[in-house]
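Asks: Sharing query03.pdb (PDB, C-alpha atoms) below.
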ATOM      1  CA  MET U   1     -19.880  24.345  -4.263
ATOM      2  CA  ALA U   2     -16.168  24.103  -5.150
ATOM      3  CA  ALA U   3     -15.343  24.387  -1.447
ATOM      4  CA  VAL U   4     -17.434  21.293  -0.699
ATOM      5  CA  PHE U   5     -15.789  19.286  -3.488
ATOM      6  CA  ARG U   6     -12.334  20.380  -2.341
ATOM      7  CA  ALA U   7     -13.147  19.353   1.231
ATOM      8  CA  VAL U   8     -14.584  15.957   0.187
ATOM      9  CA  PHE U   9     -11.621  15.273  -2.090
ATOM     10  CA  GLY U  10      -9.111  16.423   0.544
ATOM     11  CA  TYR U  11     -10.682  14.254   3.226
ATOM     12  CA  LEU U  12     -11.055  11.102   1.117
ATOM     13  CA  PHE U  13      -7.601  11.446  -0.402
ATOM     14  CA  LEU U  14      -6.061  11.879   3.042
ATOM     15  CA  VAL U  15      -7.949   8.824   4.359
ATOM     16  CA  PHE U  16      -6.642   6.846   1.377
ATOM     17  CA  VAL U  17      -3.038   8.017   1.803
ATOM     18  CA  VAL U  18      -3.052   7.319   5.540
ATOM     19  CA  ARG U  19      -4.480   3.854   4.829
ATOM     20  CA  VAL U  20      -1.719   3.148   2.308
ATOM     21  CA  VAL U  21       1.073   4.575   4.464
ATOM     22  CA  GLY U  22       0.215   2.052   7.151
ATOM     23  CA  ARG U  23      -0.763   1.586  10.756
ATOM     24  CA  ARG U  24       1.555   3.248  13.216
ATOM     25  CA  PRO U  25      -0.465   5.457  15.522
ATOM     26  CA  GLY U  26      -0.258   5.844  19.264
ATOM     27  CA  LYS U  27       2.549   4.198  21.165
ATOM     28  CA  GLN U  28       4.157   2.764  18.037
ATOM     29  CA  MET U  29       4.655   6.198  16.475
ATOM     30  CA  ALA U  30       8.249   7.326  16.180
ATOM     31  CA  PRO U  31       9.006  11.075  16.232
ATOM     32  CA  PHE U  32       9.438  11.135  12.445
ATOM     33  CA  ASP U  33       5.924   9.707  12.050
ATOM     34  CA  TYR U  34       4.579  12.967  13.482
ATOM     35  CA  VAL U  35       6.253  14.826  10.607
ATOM     36  CA  LEU U  36       3.995  12.915   8.234
ATOM     37  CA  ILE U  37       0.853  13.804  10.194
ATOM     38  CA  PHE U  38       1.665  17.519  10.367
ATOM     39  CA  PHE U  39       2.848  17.708   6.769
ATOM     40  CA  LEU U  40      -0.139  15.885   5.289
ATOM     41  CA  GLY U  41      -2.538  18.032   7.303
ATOM     42  CA  GLY U  42      -0.863  21.289   6.307
ATOM     43  CA  LEU U  43      -0.541  20.415   2.638
ATOM     44  CA  THR U  44      -4.136  19.261   2.372
ATOM     45  CA  LEU U  45      -5.259  22.490   3.968
ATOM     46  CA  THR U  46      -3.515  24.541   1.288
ATOM     47  CA  GLY U  47      -5.470  22.870  -1.498
ATOM     48  CA  MET U  48      -8.753  22.835   0.382
ATOM     49  CA  VAL U  49      -8.730  26.495   1.345
ATOM     50  CA  ALA U  50      -7.280  27.757  -1.992
ATOM     51  CA  ASN U  51      -7.667  31.526  -2.103
ATOM     52  CA  ASP U  52     -10.912  31.610  -0.128
ATOM     53  CA  ARG U  53     -10.017  32.559   3.436
ATOM     54  CA  SER U  54     -13.554  33.458   4.419
ATOM     55  CA  LEU U  55     -15.268  32.237   7.559
ATOM     56  CA  THR U  56     -18.028  30.854   5.320
ATOM     57  CA  ASN U  57     -15.521  28.633   3.522
ATOM     58  CA  ALA U  58     -14.086  27.352   6.804
ATOM     59  CA  PHE U  59     -17.595  26.756   8.174
ATOM     60  CA  VAL U  60     -18.759  24.849   5.077
ATOM     61  CA  GLN U  61     -15.603  22.769   4.827
ATOM     62  CA  ILE U  62     -15.584  21.802   8.509
ATOM     63  CA  ILE U  63     -19.184  20.641   8.219
ATOM     64  CA  THR U  64     -18.379  18.777   4.978
ATOM     65  CA  VAL U  65     -15.435  16.966   6.549
ATOM     66  CA  ALA U  66     -17.528  16.124   9.637
ATOM     67  CA  LEU U  67     -20.269  14.751   7.387
ATOM     68  CA  CYS U  68     -17.789  12.667   5.376
ATOM     69  CA  HIS U  69     -16.376  11.276   8.584
ATOM     70  CA  PHE U  70     -19.838  10.448   9.880
ATOM     71  CA  VAL U  71     -20.741   8.640   6.652
ATOM     72  CA  LEU U  72     -17.495   6.619   6.612
ATOM     73  CA  THR U  73     -17.933   5.692  10.272
ATOM     74  CA  ALA U  74     -21.531   4.612   9.681
ATOM     75  CA  LEU U  75     -20.532   2.543   6.640
ATOM     76  CA  ARG U  76     -17.769   0.959   8.668
ATOM     77  CA  ARG U  77     -20.204  -0.017  11.384
ATOM     78  CA  ARG U  78     -22.832  -1.389   8.999
ATOM     79  CA  SER U  79     -20.539  -3.338   6.684
ATOM     80  CA  ASN U  80     -17.799  -5.579   7.956
ATOM     81  CA  ARG U  81     -16.369  -5.801   4.434
ATOM     82  CA  PHE U  82     -16.134  -1.993   4.232
ATOM     83  CA  ALA U  83     -14.501  -1.912   7.669
ATOM     84  CA  VAL U  84     -11.894  -4.383   6.470
ATOM     85  CA  TRP U  85     -11.177  -2.206   3.418
ATOM     86  CA  MET U  86     -10.920   0.874   5.623
ATOM     87  CA  ASP U  87      -8.832  -0.517   8.471
ATOM     88  CA  GLY U  88      -7.612  -3.938   7.409
ATOM     89  CA  THR U  89      -7.874  -6.880   9.787
ATOM     90  CA  PRO U  90      -5.955  -7.555  13.002
ATOM     91  CA  LEU U  91      -2.674  -9.270  12.204
ATOM     92  CA  VAL U  92      -0.691 -11.733  14.282
ATOM     93  CA  LEU U  93       2.925 -10.569  14.636
ATOM     94  CA  LEU U  94       4.150 -13.163  17.098
ATOM     95  CA  ARG U  95       2.719 -16.550  17.951
ATOM     96  CA  ASN U  96       4.066 -19.108  20.425
ATOM     97  CA  GLY U  97       7.608 -17.796  20.339
ATOM     98  CA  GLN U  98       7.631 -17.459  16.546
ATOM     99  CA  TRP U  99       7.867 -14.146  14.702
ATOM    100  CA  VAL U 100       5.416 -13.904  11.801
ATOM    101  CA  GLU U 101       8.089 -12.523   9.497
ATOM    102  CA  GLU U 102       5.917 -11.913   6.423
ATOM    103  CA  THR U 103       3.496  -9.722   8.350
ATOM    104  CA  ILE U 104       6.175  -7.836  10.281
ATOM    105  CA  ARG U 105       8.113  -7.047   7.091
ATOM    106  CA  LYS U 106       5.171  -6.093   4.915
ATOM    107  CA  MET U 107       3.650  -3.885   7.623
ATOM    108  CA  ASN U 108       6.999  -2.084   7.919
ATOM    109  CA  PHE U 109       7.278  -2.995  11.579
ATOM    110  CA  SER U 110      10.432  -3.963  13.398
ATOM    111  CA  ARG U 111      10.859  -6.446  16.206
ATOM    112  CA  ASP U 112      11.742  -3.486  18.421
ATOM    113  CA  ASP U 113       8.180  -2.165  18.022
ATOM    114  CA  ILE U 114       6.853  -5.451  19.416
ATOM    115  CA  LEU U 115       9.417  -5.488  22.211
ATOM    116  CA  ALA U 116       8.351  -1.948  23.166
ATOM    117  CA  ALA U 117       4.716  -3.059  23.287
ATOM    118  CA  MET U 118       5.729  -6.075  25.368
ATOM    119  CA  ARG U 119       7.567  -3.932  27.932
ATOM    120  CA  SER U 120       4.775  -1.428  28.071
ATOM    121  CA  ASN U 121       2.406  -4.334  28.840
ATOM    122  CA  GLY U 122       4.555  -5.404  31.801
ATOM    123  CA  GLN U 123       6.232  -8.475  30.269
ATOM    124  CA  ARG U 124       9.969  -8.769  30.829
ATOM    125  CA  ASN U 125      10.909 -11.035  27.925
ATOM    126  CA  LEU U 126       9.440 -12.679  24.851
ATOM    127  CA  HIS U 127       9.034 -16.027  26.621
ATOM    128  CA  GLU U 128       6.222 -14.422  28.603
ATOM    129  CA  VAL U 129       4.383 -13.491  25.400
ATOM    130  CA  HIS U 130       1.934 -15.912  23.869
ATOM    131  CA  TYR U 131       0.602 -13.630  21.138
ATOM    132  CA  ALA U 132       1.387 -10.170  19.780
ATOM    133  CA  VAL U 133      -1.395  -8.838  17.588
ATOM    134  CA  LEU U 134      -1.398  -5.692  15.460
ATOM    135  CA  GLU U 135      -4.865  -4.257  15.900
ATOM    136  CA  ARG U 136      -6.846  -2.304  13.310
ATOM    137  CA  SER U 137      -6.118   0.860  15.284
ATOM    138  CA  GLY U 138      -2.381   0.289  14.908
ATOM    139  CA  MET U 139      -1.835  -0.634  18.546
ATOM    140  CA  ILE U 140      -0.052  -3.865  19.418
ATOM    141  CA  THR U 141      -1.886  -6.100  21.855
ATOM    142  CA  ILE U 142       0.213  -8.477  23.943
ATOM    143  CA  ILE U 143      -1.418 -11.688  25.147
ATOM    144  CA  PRO U 144       0.763 -13.090  27.921
ATOM    145  CA  GLY U 145       1.152 -16.787  28.478
ATOM    146  CA  GLY U 146       4.435 -18.043  27.075
ATOM    147  CA  GLU U 147       5.339 -20.818  24.672
ATOM    148  CA  GLU U 148       4.326 -23.712  26.884
ATOM    149  CA  LYS U 149       0.748 -22.435  27.059
ATOM    150  CA  GLY U 150       0.561 -21.987  23.300
ATOM    151  CA  SER U 151       1.846 -25.443  22.575
ATOM    152  CA  GLN U 152      -0.887 -27.173  24.538
TER     153      GLN U 152
ATOM    154  CA  MET H   1     -38.541   4.034  35.088
ATOM    155  CA  THR H   2     -35.755   4.093  32.505
ATOM    156  CA  THR H   3     -36.076   1.564  29.713
ATOM    157  CA  PRO H   4     -33.019  -0.742  29.806
ATOM    158  CA  ALA H   5     -30.676  -0.740  26.839
ATOM    159  CA  ARG H   6     -31.331  -3.487  24.318
ATOM    160  CA  THR H   7     -29.022  -6.468  24.659
ATOM    161  CA  GLN H   8     -28.136  -9.425  22.469
ATOM    162  CA  SER H   9     -26.516 -12.714  23.324
ATOM    163  CA  ILE H  10     -22.877 -13.151  22.310
ATOM    164  CA  ASP H  11     -22.282 -14.710  18.931
ATOM    165  CA  ASP H  12     -18.578 -15.499  18.804
ATOM    166  CA  SER H  13     -18.188 -15.752  15.056
ATOM    167  CA  VAL H  14     -14.754 -14.115  14.881
ATOM    168  CA  PRO H  15     -12.269 -16.537  13.274
ATOM    169  CA  ARG H  16      -9.784 -17.903  15.785
ATOM    170  CA  ASP H  17      -6.060 -18.230  15.388
ATOM    171  CA  ARG H  18      -5.012 -21.870  15.967
ATOM    172  CA  ASN H  19      -8.411 -22.367  17.585
ATOM    173  CA  GLU H  20      -7.435 -20.387  20.675
ATOM    174  CA  LEU H  21      -7.410 -16.623  20.067
ATOM    175  CA  SER H  22     -10.372 -14.736  18.592
ATOM    176  CA  VAL H  23      -8.416 -12.385  16.373
ATOM    177  CA  GLY H  24     -10.226 -12.288  13.025
ATOM    178  CA  GLU H  25      -7.076 -12.201  10.941
ATOM    179  CA  ASP H  26      -7.700 -12.400   7.187
ATOM    180  CA  LEU H  27      -4.314 -13.016   5.611
ATOM    181  CA  ASP H  28      -5.757 -13.605   2.132
ATOM    182  CA  PHE H  29      -7.290 -10.139   2.140
ATOM    183  CA  GLN H  30      -4.149  -8.668   3.650
ATOM    184  CA  ARG H  31      -1.957 -10.193   0.925
ATOM    185  CA  ARG H  32      -4.256  -8.731  -1.745
ATOM    186  CA  TRP H  33      -4.034  -5.385   0.040
ATOM    187  CA  TRP H  34      -0.207  -5.531   0.145
ATOM    188  CA  ARG H  35      -0.183  -6.131  -3.616
ATOM    189  CA  PHE H  36      -2.529  -3.150  -4.090
ATOM    190  CA  GLU H  37      -0.328  -1.034  -1.817
ATOM    191  CA  HIS H  38       2.693  -1.993  -3.888
ATOM    192  CA  ALA H  39       0.914  -0.808  -7.045
ATOM    193  CA  VAL H  40      -0.096   2.439  -5.311
ATOM    194  CA  TRP H  41       3.522   3.172  -4.366
ATOM    195  CA  ILE H  42       4.546   2.659  -7.985
ATOM    196  CA  VAL H  43       1.805   5.073  -9.121
ATOM    197  CA  PHE H  44       2.873   7.612  -6.464
ATOM    198  CA  THR H  45       6.491   7.355  -7.661
ATOM    199  CA  VAL H  46       5.444   7.897 -11.278
ATOM    200  CA  ILE H  47       3.359  10.945 -10.270
ATOM    201  CA  VAL H  48       6.314  12.473  -8.407
ATOM    202  CA  ALA H  49       8.638  11.784 -11.371
ATOM    203  CA  LEU H  50       6.149  13.401 -13.770
ATOM    204  CA  ASP H  51       5.882  16.414 -11.477
ATOM    205  CA  VAL H  52       9.671  16.798 -11.305
ATOM    206  CA  ALA H  53       9.741  16.626 -15.115
ATOM    207  CA  GLY H  54       7.129  19.375 -15.244
ATOM    208  CA  VAL H  55       4.088  17.538 -16.608
ATOM    209  CA  PHE H  56       2.049  19.195 -13.864
ATOM    210  CA  GLY H  57       3.640  22.575 -14.541
ATOM    211  CA  ARG H  58       6.730  24.414 -13.324
ATOM    212  CA  GLY H  59       9.325  22.095 -14.824
ATOM    213  CA  PRO H  60      11.394  21.553 -17.958
ATOM    214  CA  VAL H  61       8.651  19.712 -19.879
ATOM    215  CA  ALA H  62       6.201  22.536 -19.212
ATOM    216  CA  LYS H  63       8.345  25.236 -20.853
ATOM    217  CA  VAL H  64       7.735  25.887 -24.561
ATOM    218  CA  HIS H  65       9.838  28.152 -26.794
ATOM    219  CA  LYS H  66       8.724  29.077 -30.309
ATOM    220  CA  SER H  67      10.109  31.470 -32.889
ATOM    221  CA  THR H  68       8.826  32.765 -36.181
ATOM    222  CA  PRO H  69      11.094  31.989 -39.173
ATOM    223  CA  ASP H  70      12.032  35.661 -39.554
ATOM    224  CA  GLY H  71      12.805  36.003 -35.841
ATOM    225  CA  ALA H  72      10.297  38.805 -35.390
ATOM    226  CA  MET H  73       8.545  37.058 -32.519
ATOM    227  CA  ASN H  74       9.788  34.537 -29.939
ATOM    228  CA  LEU H  75       7.167  33.060 -27.669
ATOM    229  CA  THR H  76       7.879  31.434 -24.292
ATOM    230  CA  TYR H  77       5.124  30.014 -22.122
ATOM    231  CA  GLU H  78       4.191  27.053 -19.924
ATOM    232  CA  GLN H  79       2.048  24.478 -21.732
ATOM    233  CA  PHE H  80       1.113  22.988 -18.346
ATOM    234  CA  GLN H  81      -0.163  25.534 -15.860
ATOM    235  CA  ARG H  82      -1.944  25.314 -12.546
ATOM    236  CA  PHE H  83      -5.284  26.730 -11.471
ATOM    237  CA  GLN H  84      -4.928  30.190  -9.885
ATOM    238  CA  THR H  85      -1.135  29.903  -9.935
ATOM    239  CA  PRO H  86       0.961  32.661 -11.541
ATOM    240  CA  SER H  87       2.682  31.950 -14.837
ATOM    241  CA  ILE H  88       4.268  34.122 -17.542
ATOM    242  CA  ILE H  89       3.601  34.237 -21.279
ATOM    243  CA  SER H  90       6.632  36.036 -22.630
ATOM    244  CA  ILE H  91       7.032  37.439 -26.143
ATOM    245  CA  HIS H  92      10.374  38.717 -27.389
ATOM    246  CA  PHE H  93      10.362  40.976 -30.440
ATOM    247  CA  GLY H  94      12.968  41.164 -33.171
ATOM    248  CA  PRO H  95      13.876  44.481 -34.791
ATOM    249  CA  ASN H  96      11.663  43.734 -37.801
ATOM    250  CA  ALA H  97       8.588  43.550 -35.566
ATOM    251  CA  VAL H  98       8.476  47.337 -35.505
ATOM    252  CA  ARG H  99       6.580  48.923 -38.397
ATOM    253  CA  ASP H 100       5.948  52.615 -38.977
ATOM    254  CA  GLY H 101       7.703  53.393 -35.738
ATOM    255  CA  LYS H 102       5.299  51.426 -33.599
ATOM    256  CA  LEU H 103       5.006  47.918 -32.282
ATOM    257  CA  GLN H 104       1.624  46.235 -32.348
ATOM    258  CA  LEU H 105       0.688  42.896 -30.845
ATOM    259  CA  TRP H 106      -2.675  41.203 -31.091
ATOM    260  CA  VAL H 107      -3.680  38.576 -28.485
ATOM    261  CA  SER H 108      -6.800  36.443 -28.426
ATOM    262  CA  GLN H 109      -9.533  37.094 -25.877
ATOM    263  CA  SER H 110      -8.607  33.818 -24.134
ATOM    264  CA  VAL H 111      -5.420  35.425 -22.771
ATOM    265  CA  ILE H 112      -7.718  37.599 -20.665
ATOM    266  CA  THR H 113     -10.615  35.237 -19.955
ATOM    267  CA  LYS H 114      -9.008  31.784 -19.759
ATOM    268  CA  ALA H 115      -5.367  32.507 -18.960
ATOM    269  CA  GLY H 116      -6.478  35.180 -16.490
ATOM    270  CA  ASN H 117      -4.075  37.918 -17.542
ATOM    271  CA  GLN H 118      -3.289  40.127 -14.547
ATOM    272  CA  ARG H 119      -0.955  42.683 -16.138
ATOM    273  CA  ILE H 120       1.353  43.339 -19.072
ATOM    274  CA  ILE H 121       4.964  44.310 -18.542
ATOM    275  CA  PRO H 122       5.682  46.886 -19.865
ATOM    276  CA  GLU H 123       2.264  48.500 -20.055
ATOM    277  CA  PRO H 124       1.222  49.242 -23.648
ATOM    278  CA  ALA H 125       0.311  52.815 -24.534
ATOM    279  CA  SER H 126      -3.049  51.758 -25.895
ATOM    280  CA  SER H 127      -5.276  48.745 -26.353
ATOM    281  CA  GLU H 128      -8.333  48.217 -28.509
ATOM    282  CA  LEU H 129     -10.786  45.421 -29.166
ATOM    283  CA  LYS H 130     -10.156  43.789 -32.512
ATOM    284  CA  ASP H 131     -10.951  40.438 -34.178
ATOM    285  CA  GLN H 132     -12.242  38.857 -30.954
ATOM    286  CA  GLY H 133      -9.076  39.842 -29.189
ATOM    287  CA  LEU H 134      -7.062  42.830 -28.069
ATOM    288  CA  LEU H 135      -4.592  44.867 -30.056
ATOM    289  CA  TYR H 136      -1.840  46.412 -27.943
ATOM    290  CA  THR H 137       0.336  49.231 -29.220
ATOM    291  CA  TRP H 138       3.679  50.524 -28.010
ATOM    292  CA  PRO H 139       4.485  53.809 -29.736
ATOM    293  CA  SER H 140       7.668  54.935 -31.395
ATOM    294  CA  GLY H 141      10.673  55.136 -29.125
ATOM    295  CA  GLN H 142       8.928  53.183 -26.370
ATOM    296  CA  HIS H 143       8.600  49.822 -28.040
ATOM    297  CA  PRO H 144      10.044  47.112 -25.796
ATOM    298  CA  ASP H 145      12.233  44.128 -26.585
ATOM    299  CA  SER H 146       9.679  41.919 -24.936
ATOM    300  CA  ALA H 147       6.212  41.854 -23.436
ATOM    301  CA  ASP H 148       5.372  39.652 -20.475
ATOM    302  CA  PHE H 149       1.799  38.646 -19.710
ATOM    303  CA  ALA H 150       1.471  37.740 -16.047
ATOM    304  CA  VAL H 151      -1.338  35.182 -16.095
ATOM    305  CA  GLU H 152      -3.221  33.239 -13.448
ATOM    306  CA  PRO H 153      -5.584  30.677 -15.000
ATOM    307  CA  ALA H 154      -9.124  31.211 -13.789
ATOM    308  CA  SER H 155     -10.317  27.619 -14.202
ATOM    309  CA  PRO H 156      -8.894  24.127 -14.722
ATOM    310  CA  GLY H 157      -9.097  22.521 -18.183
ATOM    311  CA  ILE H 158      -7.666  23.189 -21.622
ATOM    312  CA  TYR H 159      -7.547  26.539 -23.366
ATOM    313  CA  TYR H 160      -6.056  27.882 -26.578
ATOM    314  CA  PHE H 161      -4.522  31.277 -27.050
ATOM    315  CA  SER H 162      -3.166  33.144 -30.050
ATOM    316  CA  VAL H 163      -0.643  35.942 -30.415
ATOM    317  CA  ARG H 164      -0.021  37.775 -33.682
ATOM    318  CA  LEU H 165       2.092  40.556 -35.123
ATOM    319  CA  PRO H 166      -0.493  42.257 -37.367
ATOM    320  CA  ALA H 167       2.146  44.088 -39.378
ATOM    321  CA  LEU H 168       3.844  40.855 -40.472
ATOM    322  CA  GLY H 169       1.035  38.361 -40.105
ATOM    323  CA  ASP H 170       3.173  36.109 -37.872
ATOM    324  CA  GLU H 171       0.949  34.167 -35.518
ATOM    325  CA  PHE H 172       1.136  31.415 -32.932
ATOM    326  CA  THR H 173      -1.876  29.468 -31.680
ATOM    327  CA  GLU H 174      -1.032  27.396 -28.639
ATOM    328  CA  ARG H 175      -2.716  24.944 -26.326
ATOM    329  CA  VAL H 176      -2.384  25.083 -22.544
ATOM    330  CA  VAL H 177      -3.463  22.462 -20.003
ATOM    331  CA  VAL H 178      -4.467  23.895 -16.631
ATOM    332  CA  TRP H 179      -4.275  21.408 -13.758
ATOM    333  CA  PRO H 180      -6.696  21.806 -10.876
TER     334      PRO H 180
END
Could I get this structure in the form of structure tokens?
Replies:
Amino acid sequence: MAAVFRAVFGYLFLVFVVRVVGRRPGKQMAPFDYVLIFFLGGLTLTGMVANDRSLTNAFVQIITVALCHFVLTALRRRSNRFAVWMDGTPLVLLRNGQWVEETIRKMNFSRDDILAAMRSNGQRNLHEVHYAVLERSGMITIIPGGEEKGSQ
Amino acid sequence: MTTPARTQSIDDSVPRDRNELSVGEDLDFQRRWWRFEHAVWIVFTVIVALDVAGVFGRGPVAKVHKSTPDGAMNLTYEQFQRFQTPSIISIHFGPNAVRDGKLQLWVSQSVITKAGNQRIIPEPASSELKDQGLLYTWPSGQHPDSADFAVEPASPGIYYFSVRLPALGDEFTERVVVWP
């Protein structure tokens, strides 16, 4: 039974910490961000496994974590409010040639992150970008169009 | 024939940014979340500071030193220990702790059951059950300057343990918090 509690606690605590640390997966991840992922995973494992290295423990804990994940995913799908608590909402980072400074600063993003997303989307400069949106997944979506389109 | 998947007409209820982009941004929620995040970082910092201080074990605050007035027994232990993590309860003996050529030390049963005593260094020559505890004896010529109990708490929570020099009646009863 302790193994199940350890797994549930480890999973939920990790979900909480990752939520607090912020959204930077995928293309926006810098090499040092990977250190966080590996470290958190390894450290959580230590507490979850404790001194029980049996196959039974691994089996039970994998199933427990899978079940937790299933429940969270189902709750996220059923309740928009829960989804917002879990992932936040999409956030506008750039609009009609204007940086949304408050959002960029508080999300610990830099303008370089948005420029990287812009280049990866095929735009050559910021005048070709109408909107840059930080999605729930952490990816930055670039809506091309330019200032003149936005000011219509 | 395969039944077609159920469909539903589009209901574009996602809030729009400046009435042009369906983005669903909720800045009021996000501002509340940023304030919550700020509080969480403060709590995390406090937890780390407490850990460095030793409130969760293995630090200066965790260490406790106690001596009897006559100096016959000096006790050192960690008042904050961790579940299934090794720790030492150390007892130093003064010269007056030896009576009739032998050194005797009584410890409460909780040193075995709650503290999870693994071994005693050095090994006593004999041990016997007495007064809901164990009486250890080191005979003449072999009595040590100190006895170390290598413990590994078996469960989280709070436990009390006692150590006593039966010959002198000196006793300590201490409380230990075991973190999960």
Asks: One decimal, Å: what's the distance from atom CA of U:Gly41 over to atom CA of U:Val4, could you say?
Replies: 17.2 Å
Asks: Evaluate the ChimeraX specification (/H :<10) & /U against this structure - the residues, as a PyMOL selection string, please.
Replies: chain U and resi 17+19-22+47+50-51+84-85+88-92+95+102-103+106-107+131+133-135+143+150
Asks: For the file shown, report as a PyMOL selection string the outcome of the PyMOL selection byres ((chain H and resi 153) around 7) at residue level.
Replies: chain H and resi 82-85+114-116+151-152+154-155
Asks: Excluding same-chain residues fewer than 2 positions from stretch 136-149 of chain H, what lies within 12 Å of it counting all atoms listed in the file, as a count of residues only?
Replies: 58
Asks: Identify which of the residues H:Arg32, H:Phe44, H:Gly57, H:Lys63 lies closest to H:Gln81, counting only C-alpha atoms when measuring atom-to-atom distances.
Replies: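 Checking each of H:Arg32, H:Phe44, H:Gly57, H:Lys63 against H:Gln81, counting only C-alpha atoms, the winner is H:Gly57.
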Asks: Nearest to U:Asn121: which of U:Gln61, U:Ile104, U:Pro144, U:Arg136 is it, counting all atoms listed in the file?
Replies: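 That would be U:Pro144, the residue with the smallest distance to U:Asn121.
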Asks: Please give the centre and size of the box around stretch 35-44 of chain U (axis-aligned, containing every atom listed in the file, 6 Å added per side), with values in Å to one decimal and written as lines of an AutoDock Vina configuration file.
Replies:
center_x = 1.1
center_y = 17.1
center_z = 6.5
size_x = 22.4
size_y = 20.4
size_z = 20.2
Asks: Between H:Ser9, H:Thr2, H:Gln79, H:Gln109, which one has atoms that come closest to H:Val64, using all atoms listed in the file?
Replies: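 Going through H:Ser9, H:Thr2, H:Gln79, H:Gln109 one by one, the smallest distance to H:Val64 is for H:Gln79.
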Asks: Can you measure atom CA of U:Ile114 to atom CA of U:Leu36 for me? One decimal in Å is fine.
Replies: 21.7 Å
Asks: Excluding U:Ala83 and residues on its chain fewer than 5 positions from it, collect all residues at most 10 Å away from it, counting all atoms listed in the file, and give them as a list in words.
Replies: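 The contact residues come out as Leu72, Thr73, Ala74, Leu75, Arg76, Arg77, Arg78, Gly88, Thr89 and Arg136 of chain U.
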Asks: Here is a test: counting all atoms listed in the file, which residue of U:Ala30, U:Val18, U:Leu115, U:Ala7 is nearest to U:Glu128?
Replies: U:Leu115
Asks: How many Å separate atom CA of U:Ala3 from atom CA of U:Thr56?
Replies: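 So the answer is 9.7 Å.
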Asks: So that I can see what lies close to U:Cys68, please list as a list in words the residues with an atom at most 9 Å from it, counting all atoms listed in the file and leaving out residues fewer than 6 positions away in the same chain.
Replies: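 Those residues are Val8, Tyr11 and Leu12 of chain U.
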Asks: Using all atoms listed in the file for the distances, tell me which of U:Ile140, U:Gly97, U:Leu40, U:Arg6 is nearest to U:Asp112.
Replies: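 With all atoms listed in the file as the atom set, the closest residue is U:Ile140.
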Asks: Apply the PyMOL selection byres ((chain U and resi 123) around 12) to the displayed file and report the matching residues as a PyMOL selection string.
Replies: chain U and resi 114-122+124-132+141-146
Asks: Some atoms are absent from stretch 67-80 of chain U, so rebuild N, CA and C atoms and return them as an mmCIF file, in the frame of the given file.
Replies:
data_model
loop_
_atom_site.group_PDB
_atom_site.id
_atom_site.type_symbol
_atom_site.label_atom_id
_atom_site.label_comp_id
_atom_site.auth_asym_id
_atom_site.auth_seq_id
_atom_site.Cartn_x
_atom_site.Cartn_y
_atom_site.Cartn_z
ATOM 1 N N LEU U 67 -19.256 15.595 8.023
ATOM 2 C CA LEU U 67 -20.269 14.751 7.387
ATOM 3 C C LEU U 67 -19.617 13.533 6.717
ATOM 4 N N CYS U 68 -18.522 13.772 6.019
ATOM 5 C CA CYS U 68 -17.789 12.667 5.376
ATOM 6 C C CYS U 68 -17.369 11.646 6.429
ATOM 7 N N HIS U 69 -16.860 12.160 7.524
ATOM 8 C CA HIS U 69 -16.376 11.276 8.584
ATOM 9 C C HIS U 69 -17.524 10.464 9.172
ATOM 10 N N PHE U 70 -18.656 11.133 9.345
ATOM 11 C CA PHE U 70 -19.838 10.448 9.880
ATOM 12 C C PHE U 70 -20.273 9.323 8.941
ATOM 13 N N VAL U 71 -20.300 9.630 7.650
ATOM 14 C CA VAL U 71 -20.741 8.640 6.652
ATOM 15 C C VAL U 71 -19.777 7.447 6.634
ATOM 16 N N LEU U 72 -18.476 7.720 6.627
ATOM 17 C CA LEU U 72 -17.495 6.619 6.612
ATOM 18 C C LEU U 72 -17.619 5.761 7.867
ATOM 19 N N THR U 73 -17.808 6.428 9.004
ATOM 20 C CA THR U 73 -17.933 5.692 10.272
ATOM 21 C C THR U 73 -19.184 4.811 10.262
ATOM 22 N N ALA U 74 -20.281 5.375 9.737
ATOM 23 C CA ALA U 74 -21.531 4.612 9.681
ATOM 24 C C ALA U 74 -21.386 3.419 8.738
ATOM 25 N N LEU U 75 -20.747 3.640 7.591
ATOM 26 C CA LEU U 75 -20.532 2.543 6.640
ATOM 27 C C LEU U 75 -19.664 1.454 7.248
ATOM 28 N N ARG U 76 -18.683 1.895 8.010
ATOM 29 C CA ARG U 76 -17.769 0.959 8.668
ATOM 30 C C ARG U 76 -18.508 0.080 9.674
ATOM 31 N N ARG U 77 -19.454 0.717 10.364
ATOM 32 C CA ARG U 77 -20.204 -0.017 11.384
ATOM 33 C C ARG U 77 -21.191 -1.001 10.737
ATOM 34 N N ARG U 78 -21.807 -0.565 9.631
ATOM 35 C CA ARG U 78 -22.832 -1.389 8.999
ATOM 36 C C ARG U 78 -22.247 -2.544 8.191
ATOM 37 N N SER U 79 -21.093 -2.307 7.569
ATOM 38 C CA SER U 79 -20.539 -3.338 6.684
ATOM 39 C C SER U 79 -19.167 -3.775 7.158
ATOM 40 N N ASN U 80 -19.082 -5.048 7.509
ATOM 41 C CA ASN U 80 -17.799 -5.579 7.956
ATOM 42 C C ASN U 80 -16.774 -5.561 6.823
#
